[in-house]
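Participant: What follows is model21.pdb; its format and atoms are PDB, C-alpha atoms.
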ATOM      1  CA  MET A 192     -11.068   5.785   9.428  1.00  0.00           C
ATOM      2  CA  ALA A 193      -9.328   3.186   7.282  1.00  0.00           C
ATOM      3  CA  ALA A 194      -8.007   1.410  10.382  1.00  0.00           C
ATOM      4  CA  ARG A 195     -11.516   1.101  11.819  1.00  0.00           C
ATOM      5  CA  PHE A 196     -12.936  -0.399   8.646  1.00  0.00           C
ATOM      6  CA  VAL A 197     -10.055  -2.453   7.300  1.00  0.00           C
ATOM      7  CA  ARG A 198      -8.780  -3.554  10.752  1.00  0.00           C
ATOM      8  CA  SER A 199      -5.385  -4.583   9.435  1.00  0.00           C
ATOM      9  CA  THR A 200      -2.642  -2.050  10.062  1.00  0.00           C
ATOM     10  CA  GLY A 201      -0.757  -2.634   6.825  1.00  0.00           C
ATOM     11  CA  ASP A 202      -3.889  -2.692   4.667  1.00  0.00           C
ATOM     12  CA  ALA A 203      -5.265   0.383   6.435  1.00  0.00           C
ATOM     13  CA  GLU A 204      -2.051   2.253   5.706  1.00  0.00           C
ATOM     14  CA  ASP A 205      -2.334   1.244   2.038  1.00  0.00           C
ATOM     15  CA  VAL A 206      -5.946   2.425   1.878  1.00  0.00           C
ATOM     16  CA  ALA A 207      -5.095   5.720   3.595  1.00  0.00           C
ATOM     17  CA  GLN A 208      -2.134   6.311   1.286  1.00  0.00           C
ATOM     18  CA  GLU A 209      -4.320   5.632  -1.753  1.00  0.00           C
ATOM     19  CA  ALA A 210      -6.953   8.034  -0.397  1.00  0.00           C
ATOM     20  CA  PHE A 211      -4.415  10.841  -0.059  1.00  0.00           C
ATOM     21  CA  LEU A 212      -3.023  10.121  -3.512  1.00  0.00           C
ATOM     22  CA  ARG A 213      -6.486  10.222  -5.052  1.00  0.00           C
ATOM     23  CA  ALA A 214      -7.290  13.437  -3.194  1.00  0.00           C
ATOM     24  CA  TYR A 215      -4.047  15.024  -4.359  1.00  0.00           C
ATOM     25  CA  ARG A 216      -4.616  13.956  -7.952  1.00  0.00           C
ATOM     26  CA  GLY A 217      -8.227  15.094  -7.807  1.00  0.00           C
ATOM     27  CA  LEU A 218      -7.704  18.513  -6.214  1.00  0.00           C
ATOM     28  CA  GLY A 219      -8.709  20.154  -9.460  1.00  0.00           C
ATOM     29  CA  ALA A 220     -12.062  18.391  -9.320  1.00  0.00           C
ATOM     30  CA  PHE A 221     -12.797  19.550  -5.758  1.00  0.00           C
ATOM     31  CA  ARG A 222     -15.647  22.035  -6.168  1.00  0.00           C
ATOM     32  CA  GLY A 223     -15.945  23.178  -2.582  1.00  0.00           C
ATOM     33  CA  ASP A 224     -19.623  22.202  -2.305  1.00  0.00           C
ATOM     34  CA  ALA A 225     -18.743  20.409   0.927  1.00  0.00           C
ATOM     35  CA  ARG A 226     -15.901  20.786   3.390  1.00  0.00           C
ATOM     36  CA  PHE A 227     -12.556  19.405   2.277  1.00  0.00           C
ATOM     37  CA  SER A 228     -12.560  16.906   5.170  1.00  0.00           C
ATOM     38  CA  THR A 229     -15.940  15.548   4.053  1.00  0.00           C
ATOM     39  CA  TRP A 230     -14.612  15.142   0.513  1.00  0.00           C
ATOM     40  CA  LEU A 231     -11.527  13.321   1.811  1.00  0.00           C
ATOM     41  CA  TYR A 232     -13.661  11.092   4.037  1.00  0.00           C
ATOM     42  CA  ARG A 233     -15.817  10.230   1.022  1.00  0.00           C
ATOM     43  CA  ILE A 234     -12.752   9.179  -0.980  1.00  0.00           C
ATOM     44  CA  THR A 235     -11.518   7.115   1.971  1.00  0.00           C
ATOM     45  CA  TRP A 236     -14.940   5.555   2.506  1.00  0.00           C
ATOM     46  CA  ASN A 237     -15.138   4.510  -1.148  1.00  0.00           C
ATOM     47  CA  LEU A 238     -11.710   2.884  -0.931  1.00  0.00           C
ATOM     48  CA  CYS A 239     -12.613   1.123   2.330  1.00  0.00           C
ATOM     49  CA  ALA A 240     -15.853  -0.174   0.846  1.00  0.00           C
ATOM     50  CA  ASP A 241     -13.966  -1.476  -2.187  1.00  0.00           C
ATOM     51  CA  TRP A 242     -11.373  -3.136   0.048  1.00  0.00           C
ATOM     52  CA  LEU A 243     -14.061  -4.749   2.205  1.00  0.00           C
ATOM     53  CA  ARG A 244     -15.838  -6.155  -0.837  1.00  0.00           C
ATOM     54  CA  ARG A 245     -12.581  -7.656  -2.101  1.00  0.00           C
ATOM     55  CA  HIS A 246     -11.304  -8.973   1.225  1.00  0.00           C
ATOM     56  CA  ARG A 247     -14.240 -10.354   3.146  1.00  0.00           C
ATOM     57  CA  ARG A 248     -12.691 -12.359   5.941  1.00  0.00           C
ATOM     58  CA  ALA A 249     -13.911 -13.292   9.377  1.00  0.00           C
ATOM     59  CA  GLY A 250     -12.169 -13.554  12.690  1.00  0.00           C
ATOM     60  CA  ARG A 251      -8.971 -11.656  11.900  1.00  0.00           C
ATOM     61  CA  ASP A 252      -8.101  -9.001  14.432  1.00  0.00           C
ATOM     62  CA  ASP A 253      -4.827  -7.099  14.293  1.00  0.00           C
ATOM     63  CA  HIS A 254      -5.389  -4.957  17.377  1.00  0.00           C
ATOM     64  CA  SER A 255      -3.473  -7.087  19.875  1.00  0.00           C
ATOM     65  CA  ILE A 256      -0.631  -4.544  19.981  1.00  0.00           C
ATOM     66  CA  GLU A 257      -3.102  -1.769  20.809  1.00  0.00           C
ATOM     67  CA  GLU A 258      -4.568  -3.879  23.624  1.00  0.00           C
ATOM     68  CA  ALA A 259      -1.112  -4.746  24.972  1.00  0.00           C
ATOM     69  CA  ILE A 260      -0.180  -1.063  25.160  1.00  0.00           C
ATOM     70  CA  GLU A 261      -3.417  -0.271  26.984  1.00  0.00           C
ATOM     71  CA  LEU A 262      -2.837  -3.088  29.470  1.00  0.00           C
ATOM     72  CA  ALA A 263       0.796  -2.112  30.016  1.00  0.00           C
ATOM     73  CA  ASP A 264      -0.299   1.353  31.139  1.00  0.00           C
ATOM     74  CA  GLY A 265       0.598   1.424  34.832  1.00  0.00           C
ATOM     75  CA  ARG A 266      -2.387   3.587  35.714  1.00  0.00           C
ATOM     76  CA  VAL A 267      -4.837   0.779  34.943  1.00  0.00           C
ATOM     77  CA  ASP A 268      -5.585  -2.090  37.313  1.00  0.00           C
ATOM     78  CA  VAL A 269      -4.503  -5.254  35.449  1.00  0.00           C
ATOM     79  CA  GLU A 270      -7.731  -7.145  36.139  1.00  0.00           C
ATOM     80  CA  LYS A 271      -9.876  -4.180  35.132  1.00  0.00           C
ATOM     81  CA  GLY A 272      -7.644  -3.699  32.125  1.00  0.00           C
ATOM     82  CA  LEU A 273      -8.096  -7.309  31.049  1.00  0.00           C
ATOM     83  CA  LEU A 274     -11.871  -7.037  31.386  1.00  0.00           C
ATOM     84  CA  ALA A 275     -11.946  -3.748  29.491  1.00  0.00           C
ATOM     85  CA  ALA A 276      -9.727  -5.151  26.745  1.00  0.00           C
ATOM     86  CA  GLU A 277     -11.974  -8.204  26.423  1.00  0.00           C
ATOM     87  CA  GLU A 278     -15.067  -5.993  26.187  1.00  0.00           C
ATOM     88  CA  LYS A 279     -13.407  -3.782  23.575  1.00  0.00           C
ATOM     89  CA  ARG A 280     -12.430  -6.851  21.582  1.00  0.00           C
ATOM     90  CA  ALA A 281     -15.984  -8.198  21.781  1.00  0.00           C
ATOM     91  CA  VAL A 282     -17.410  -4.858  20.626  1.00  0.00           C
ATOM     92  CA  ARG A 283     -14.906  -4.688  17.736  1.00  0.00           C
ATOM     93  CA  GLU A 284     -15.682  -8.241  16.663  1.00  0.00           C
ATOM     94  CA  THR A 285     -19.420  -7.683  16.930  1.00  0.00           C
ATOM     95  CA  LEU A 286     -19.159  -4.418  15.033  1.00  0.00           C
ATOM     96  CA  GLY A 287     -17.126  -6.219  12.380  1.00  0.00           C
ATOM     97  CA  SER A 288     -19.895  -8.784  12.010  1.00  0.00           C
ATOM     98  CA  LEU A 289     -22.461  -6.140  11.074  1.00  0.00           C
ATOM     99  CA  ASP A 290     -23.416  -5.546   7.488  1.00  0.00           C
ATOM    100  CA  GLU A 291     -21.281  -2.822   5.935  1.00  0.00           C
ATOM    101  CA  LYS A 292     -24.148  -0.301   5.769  1.00  0.00           C
ATOM    102  CA  TYR A 293     -24.685  -0.510   9.538  1.00  0.00           C
ATOM    103  CA  ARG A 294     -21.009  -0.713  10.489  1.00  0.00           C
ATOM    104  CA  SER A 295     -20.195   2.385   8.433  1.00  0.00           C
ATOM    105  CA  VAL A 296     -22.615   4.696  10.233  1.00  0.00           C
ATOM    106  CA  VAL A 297     -21.507   3.445  13.660  1.00  0.00           C
ATOM    107  CA  VAL A 298     -17.820   3.908  12.872  1.00  0.00           C
ATOM    108  CA  LEU A 299     -18.342   7.380  11.425  1.00  0.00           C
ATOM    109  CA  LEU A 300     -20.472   8.511  14.373  1.00  0.00           C
ATOM    110  CA  TYR A 301     -18.631   6.997  17.328  1.00  0.00           C
ATOM    111  CA  TYR A 302     -15.049   6.615  16.115  1.00  0.00           C
ATOM    112  CA  GLN A 303     -14.766   9.477  13.641  1.00  0.00           C
ATOM    113  CA  LYS A 304     -17.027  11.785  15.718  1.00  0.00           C
ATOM    114  CA  MET A 305     -19.023  12.920  12.677  1.00  0.00           C
ATOM    115  CA  SER A 306     -22.445  14.529  12.843  1.00  0.00           C
ATOM    116  CA  TYR A 307     -25.435  12.886  11.185  1.00  0.00           C
ATOM    117  CA  GLU A 308     -25.206  15.480   8.415  1.00  0.00           C
ATOM    118  CA  GLU A 309     -21.534  14.722   7.790  1.00  0.00           C
ATOM    119  CA  ILE A 310     -22.264  10.989   7.682  1.00  0.00           C
ATOM    120  CA  SER A 311     -25.012  11.670   5.164  1.00  0.00           C
ATOM    121  CA  ASP A 312     -22.576  13.626   2.988  1.00  0.00           C
ATOM    122  CA  VAL A 313     -19.755  11.087   3.265  1.00  0.00           C
ATOM    123  CA  LEU A 314     -21.934   8.080   2.474  1.00  0.00           C
ATOM    124  CA  GLY A 315     -24.124   9.897  -0.022  1.00  0.00           C
ATOM    125  CA  ILE A 316     -27.343   8.832   1.688  1.00  0.00           C
ATOM    126  CA  PRO A 317     -30.299  10.849   3.032  1.00  0.00           C
ATOM    127  CA  LEU A 318     -30.220  12.031   6.641  1.00  0.00           C
ATOM    128  CA  LYS A 319     -33.248   9.866   7.532  1.00  0.00           C
ATOM    129  CA  THR A 320     -31.389   6.817   6.196  1.00  0.00           C
ATOM    130  CA  VAL A 321     -28.468   7.625   8.509  1.00  0.00           C
ATOM    131  CA  GLU A 322     -30.866   7.799  11.458  1.00  0.00           C
ATOM    132  CA  THR A 323     -32.572   4.537  10.492  1.00  0.00           C
ATOM    133  CA  ARG A 324     -29.287   2.695  10.004  1.00  0.00           C
ATOM    134  CA  LEU A 325     -27.954   3.922  13.349  1.00  0.00           C
ATOM    135  CA  TYR A 326     -31.120   2.802  15.103  1.00  0.00           C
ATOM    136  CA  ARG A 327     -30.925  -0.651  13.525  1.00  0.00           C
ATOM    137  CA  ALA A 328     -27.182  -0.932  14.091  1.00  0.00           C
ATOM    138  CA  ARG A 329     -27.567  -0.130  17.783  1.00  0.00           C
ATOM    139  CA  ARG A 330     -30.311  -2.749  18.147  1.00  0.00           C
ATOM    140  CA  LEU A 331     -28.200  -5.357  16.348  1.00  0.00           C
ATOM    141  CA  LEU A 332     -25.097  -4.542  18.396  1.00  0.00           C
ATOM    142  CA  LYS A 333     -26.989  -4.596  21.673  1.00  0.00           C
ATOM    143  CA  GLY A 334     -28.606  -7.946  20.908  1.00  0.00           C
ATOM    144  CA  ARG A 335     -25.397  -9.584  19.728  1.00  0.00           C
ATOM    145  CA  LEU A 336     -23.379  -8.250  22.652  1.00  0.00           C
ATOM    146  CA  GLU A 337     -26.001  -9.414  25.138  1.00  0.00           C
ATOM    147  CA  ARG A 338     -25.861 -12.905  23.591  1.00  0.00           C
ATOM    148  CA  ARG A 339     -22.084 -12.837  24.115  1.00  0.00           C
ATOM    149  CA  GLY A 340     -22.564 -11.776  27.728  1.00  0.00           C
ATOM    150  CA  VAL A 341     -21.069  -8.323  27.235  1.00  0.00           C
ATOM    151  CA  GLY A 342     -22.875  -5.509  29.040  1.00  0.00           C
ATOM    152  CA  GLY A 343     -22.777  -1.811  28.438  1.00  0.00           C
ATOM    153  CA  THR A 344     -24.816   0.676  26.496  1.00  0.00           C
ATOM    154  CA  ILE A 345     -24.646   1.336  22.800  1.00  0.00           C
TER     155      ILE A 345
END
Could you write out this structure as C-alpha coordinates?

Facilitator:
Amino acid sequence: MAARFVRSTGDAEDVAQEAFLRAYRGLGAFRGDARFSTWLYRITWNLCADWLRRHRRAGRDDHSIEEAIELADGRVDVEKGLLAAEEKRAVRETLGSLDEKYRSVVVLLYYQKMSYEEISDVLGIPLKTVETRLYRARRLLKGRLERRGVGGTI
(Lines of atoms letter the chains of each structure in order from A and count residues from 1; the text may use other names and numbers.)
(Lines give C-alpha, C1' and ligand atoms only; values in the text may rest on other atoms or scores of the structure.)
Protein backbone atom coordinates (compact mmCIF):
# COMPACT_ATOMS: atom_id res chain seq x y z
CA MET A 1 0.00 0.00 0.00
CA ALA A 2 2.77 2.43 0.90
CA ALA A 3 4.55 1.73 -2.39
CA ARG A 4 1.42 2.57 -4.38
CA PHE A 5 0.91 5.88 -2.62
CA VAL A 6 4.45 7.06 -1.95
CA ARG A 7 5.89 5.67 -5.23
CA SER A 8 9.47 5.84 -4.00
CA THR A 9 10.88 2.52 -2.85
CA GLY A 10 12.99 3.90 -0.02
CA ASP A 11 10.28 6.23 1.26
CA ALA A 12 7.66 3.48 0.98
CA GLU A 13 9.84 1.18 3.06
CA ASP A 14 10.18 3.94 5.68
CA VAL A 15 6.42 4.48 5.76
CA ALA A 16 5.74 0.74 6.02
CA GLN A 17 8.30 0.33 8.80
CA GLU A 18 6.74 3.23 10.71
CA ALA A 19 3.29 1.69 10.24
CA PHE A 20 4.41 -1.62 11.74
CA LEU A 21 6.14 0.16 14.60
CA ARG A 22 3.03 2.19 15.37
CA ALA A 23 0.88 -0.93 15.18
CA TYR A 24 3.22 -2.80 17.51
CA ARG A 25 3.32 0.07 19.99
CA GLY A 26 -0.44 0.49 19.78
CA LEU A 27 -1.46 -3.16 20.15
CA GLY A 28 -2.89 -2.39 23.55
CA ALA A 29 -5.21 0.17 22.00
CA PHE A 30 -6.54 -2.25 19.37
CA ARG A 31 -10.14 -2.88 20.42
CA GLY A 32 -11.06 -5.47 17.84
CA ASP A 33 -14.01 -3.46 16.49
CA ALA A 34 -12.63 -4.05 13.01
CA ARG A 35 -10.32 -6.68 11.56
CA PHE A 36 -6.66 -6.32 12.43
CA SER A 37 -5.77 -5.86 8.75
CA THR A 38 -8.22 -2.95 8.47
CA TRP A 39 -6.67 -1.35 11.55
CA LEU A 40 -3.17 -1.77 10.09
CA TYR A 41 -4.29 -0.37 6.74
CA ARG A 42 -5.75 2.65 8.54
CA ILE A 43 -2.43 3.31 10.29
CA THR A 44 -0.59 2.93 6.97
CA TRP A 45 -3.08 5.17 5.17
CA ASN A 46 -2.64 7.91 7.78
CA LEU A 47 1.13 7.75 7.40
CA CYS A 48 0.88 7.80 3.59
CA ALA A 49 -1.45 10.79 3.69
CA ASP A 50 0.96 12.62 6.00
CA TRP A 51 3.89 11.77 3.72
CA LEU A 52 2.02 12.95 0.63
CA ARG A 53 1.14 16.26 2.26
CA ARG A 54 4.78 16.82 3.19
CA HIS A 55 6.32 15.66 -0.08
CA ARG A 56 4.14 16.87 -2.90
CA ARG A 57 6.24 16.40 -6.00
CA ALA A 58 5.35 15.84 -9.61
CA GLY A 59 6.87 13.70 -12.29
CA ARG A 60 9.03 11.41 -10.14
CA ASP A 61 8.59 7.75 -10.89
CA ASP A 62 10.78 5.10 -9.29
CA HIS A 63 9.23 2.09 -11.01
CA SER A 64 11.73 1.74 -13.85
CA ILE A 65 13.25 -1.36 -12.23
CA GLU A 66 9.81 -2.99 -12.04
CA GLU A 67 9.22 -2.23 -15.72
CA ALA A 68 12.65 -3.56 -16.70
CA ILE A 69 11.96 -6.86 -14.93
CA GLU A 70 8.60 -7.16 -16.68
CA LEU A 71 10.17 -6.47 -20.07
CA ALA A 72 13.04 -8.89 -19.44
CA ASP A 73 10.55 -11.72 -18.93
CA GLY A 74 11.15 -13.99 -21.92
CA ARG A 75 7.50 -14.97 -22.15
CA VAL A 76 6.48 -11.48 -23.26
CA ASP A 77 6.88 -10.18 -26.81
CA VAL A 78 9.26 -7.20 -26.54
CA GLU A 79 7.08 -4.86 -28.60
CA LYS A 80 3.95 -5.82 -26.68
CA GLY A 81 5.93 -5.52 -23.48
CA LEU A 82 7.07 -2.01 -24.37
CA LEU A 83 3.51 -0.95 -25.18
CA ALA A 84 2.17 -2.50 -21.98
CA ALA A 85 4.91 -0.87 -19.91
CA GLU A 86 4.15 2.51 -21.49
CA GLU A 87 0.43 2.10 -20.76
CA LYS A 88 1.15 1.09 -17.16
CA ARG A 89 3.41 4.10 -16.76
CA ALA A 90 0.73 6.39 -18.19
CA VAL A 91 -1.89 4.94 -15.84
CA ARG A 92 0.45 5.33 -12.84
CA GLU A 93 1.28 8.91 -13.76
CA THR A 94 -2.36 9.77 -14.37
CA LEU A 95 -3.39 8.11 -11.12
CA GLY A 96 -0.66 10.08 -9.35
CA SER A 97 -2.09 13.30 -10.75
CA LEU A 98 -5.47 12.71 -9.12
CA ASP A 99 -6.41 14.44 -5.91
CA GLU A 100 -5.53 12.31 -2.90
CA LYS A 101 -9.17 11.54 -2.04
CA TYR A 102 -9.76 9.99 -5.48
CA ARG A 103 -6.38 8.27 -5.75
CA SER A 104 -6.83 6.61 -2.36
CA VAL A 105 -10.08 4.83 -3.21
CA VAL A 106 -8.72 3.63 -6.57
CA VAL A 107 -5.52 2.27 -5.03
CA LEU A 108 -7.37 0.52 -2.21
CA LEU A 109 -9.92 -1.04 -4.57
CA TYR A 110 -7.76 -2.07 -7.52
CA TYR A 111 -4.29 -2.52 -6.04
CA GLN A 112 -5.10 -3.58 -2.49
CA LYS A 113 -8.22 -5.56 -3.56
CA MET A 114 -10.35 -4.13 -0.74
CA SER A 115 -14.13 -4.16 -0.70
CA TYR A 116 -16.09 -0.91 -0.59
CA GLU A 117 -16.82 -1.59 3.08
CA GLU A 118 -13.14 -2.08 3.89
CA ILE A 119 -12.24 1.13 2.06
CA SER A 120 -14.90 2.93 4.08
CA ASP A 121 -13.39 1.60 7.31
CA VAL A 122 -9.79 2.35 6.34
CA LEU A 123 -10.48 5.90 5.20
CA GLY A 124 -13.10 6.60 7.84
CA ILE A 125 -15.67 7.78 5.30
CA PRO A 126 -19.26 6.67 4.60
CA LEU A 127 -19.85 3.89 2.08
CA LYS A 128 -21.75 6.26 -0.25
CA THR A 129 -18.73 8.59 -0.24
CA VAL A 130 -16.52 5.67 -1.34
CA GLU A 131 -18.92 4.95 -4.20
CA THR A 132 -19.07 8.61 -5.24
CA ARG A 133 -15.29 9.03 -5.13
CA LEU A 134 -14.76 5.88 -7.19
CA TYR A 135 -17.25 7.06 -9.78
CA ARG A 136 -15.56 10.45 -10.05
CA ALA A 137 -12.07 8.95 -10.03
CA ARG A 138 -12.94 6.60 -12.88
CA ARG A 139 -14.36 9.49 -14.93
CA LEU A 140 -11.27 11.61 -14.27
CA LEU A 141 -8.89 8.76 -15.10
CA LYS A 142 -10.75 7.86 -18.27
CA GLY A 143 -10.79 11.45 -19.50
CA ARG A 144 -7.14 12.09 -18.72
CA LEU A 145 -6.00 8.81 -20.24
CA GLU A 146 -8.02 9.44 -23.39
CA ARG A 147 -6.37 12.87 -23.72
CA ARG A 148 -2.99 11.11 -23.48
CA GLY A 149 -4.05 8.64 -26.16
CA VAL A 150 -4.10 5.65 -23.82
CA GLY A 151 -7.00 3.25 -24.33
CA GLY A 152 -8.42 0.66 -22.02
CA THR A 153 -11.21 0.51 -19.51
CA ILE A 154 -11.14 1.81 -15.98

Participant: Find the residues around Asp205 of chain A up to 12 Å (only C-alpha atoms counted), leave out those fewer than 3 positions away in its own chain, and share them as a list in words.

Facilitator: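 Within the cut-off, the hits are Ala193, Ala194, Val197, Arg198, Ser199, Thr200, Gly201, Asp202, Gln208, Glu209, Ala210, Phe211, Leu212, Thr235, Leu238, Cys239 and Trp242 of chain A.
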
Participant: Dump C-alpha atoms for the selected residues as an mmCIF file, keeping the file's coordinate frame?

Facilitator:
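Contents of again_18.cif, as written:
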data_model
loop_
_atom_site.group_PDB
_atom_site.id
_atom_site.type_symbol
_atom_site.label_atom_id
_atom_site.label_comp_id
_atom_site.auth_asym_id
_atom_site.auth_seq_id
_atom_site.Cartn_x
_atom_site.Cartn_y
_atom_site.Cartn_z
ATOM 1 C CA ALA A 193 -9.328 3.186 7.282
ATOM 2 C CA ALA A 194 -8.007 1.410 10.382
ATOM 3 C CA VAL A 197 -10.055 -2.453 7.300
ATOM 4 C CA ARG A 198 -8.780 -3.554 10.752
ATOM 5 C CA SER A 199 -5.385 -4.583 9.435
ATOM 6 C CA THR A 200 -2.642 -2.050 10.062
ATOM 7 C CA GLY A 201 -0.757 -2.634 6.825
ATOM 8 C CA ASP A 202 -3.889 -2.692 4.667
ATOM 9 C CA GLN A 208 -2.134 6.311 1.286
ATOM 10 C CA GLU A 209 -4.320 5.632 -1.753
ATOM 11 C CA ALA A 210 -6.953 8.034 -0.397
ATOM 12 C CA PHE A 211 -4.415 10.841 -0.059
ATOM 13 C CA LEU A 212 -3.023 10.121 -3.512
ATOM 14 C CA THR A 235 -11.518 7.115 1.971
ATOM 15 C CA LEU A 238 -11.710 2.884 -0.931
ATOM 16 C CA CYS A 239 -12.613 1.123 2.330
ATOM 17 C CA TRP A 242 -11.373 -3.136 0.048
#

Participant: In terms of the shortest atom-to-atom distance over all atoms listed in the file, which of A:Glu337, A:Asp241, A:Asp224, A:Glu204 is closest to Ala281 of chain A?

Facilitator: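 With all atoms listed in the file as the atom set, the closest residue is A:Glu337.
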
Participant: For this structure, which residues satisfy the selection - the PyMOL selection byres ((chain A and resi 319-332) around 12) - when it is evaluated on the file as given? I want them as an MDAnalysis selection string.

Facilitator: chainID A and resid 281:301 305:318 333:339 341:345

Participant: Identify which of the residues A:His246, A:Lys279, A:Arg195, A:Arg216 lies closest to Leu231 of chain A, counting only C-alpha atoms when measuring atom-to-atom distances.

Facilitator: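 Among the listed residues, A:Arg216 lies closest to Leu231 of chain A.
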
Participant: Which one of A:Glu277, A:Gly340, A:Arg244, A:Lys304 sits closest to Phe196 of chain A if you count all atoms listed in the file?

Facilitator: A:Arg244

Participant: One decimal, Å: what's the distance from atom CA of Leu243 of chain A over to atom CA of Arg280 of chain A, could you say?

Facilitator: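 According to the coordinates, atom CA of Leu243 of chain A and atom CA of Arg280 of chain A are separated by 19.6 Å.
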
Participant: As an exercise, work out the distance from atom CA of Tyr302 of chain A to atom CA of Arg222 of chain A in Å and give it to one decimal place.

Facilitator: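 Interatomic distance here is 27.1 Å.
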
Participant: What does the distance from atom CA of Asn237 of chain A to atom CA of Phe221 of chain A come to in Å, to one decimal?

Facilitator: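 Value for the atom CA of Asn237 of chain A-atom CA of Phe221 of chain A distance: 15.9 Å.
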
Participant: Provide an axis-aligned box for all listed atoms of segment 243-247 of chain A, padding each side by 8 Å; report its centre and its edge lengths in Å to one decimal, as lines of an AutoDock Vina configuration file.

Facilitator:
center_x = -13.6
center_y = -7.6
center_z = 0.5
size_x = 20.5
size_y = 21.6
size_z = 21.2
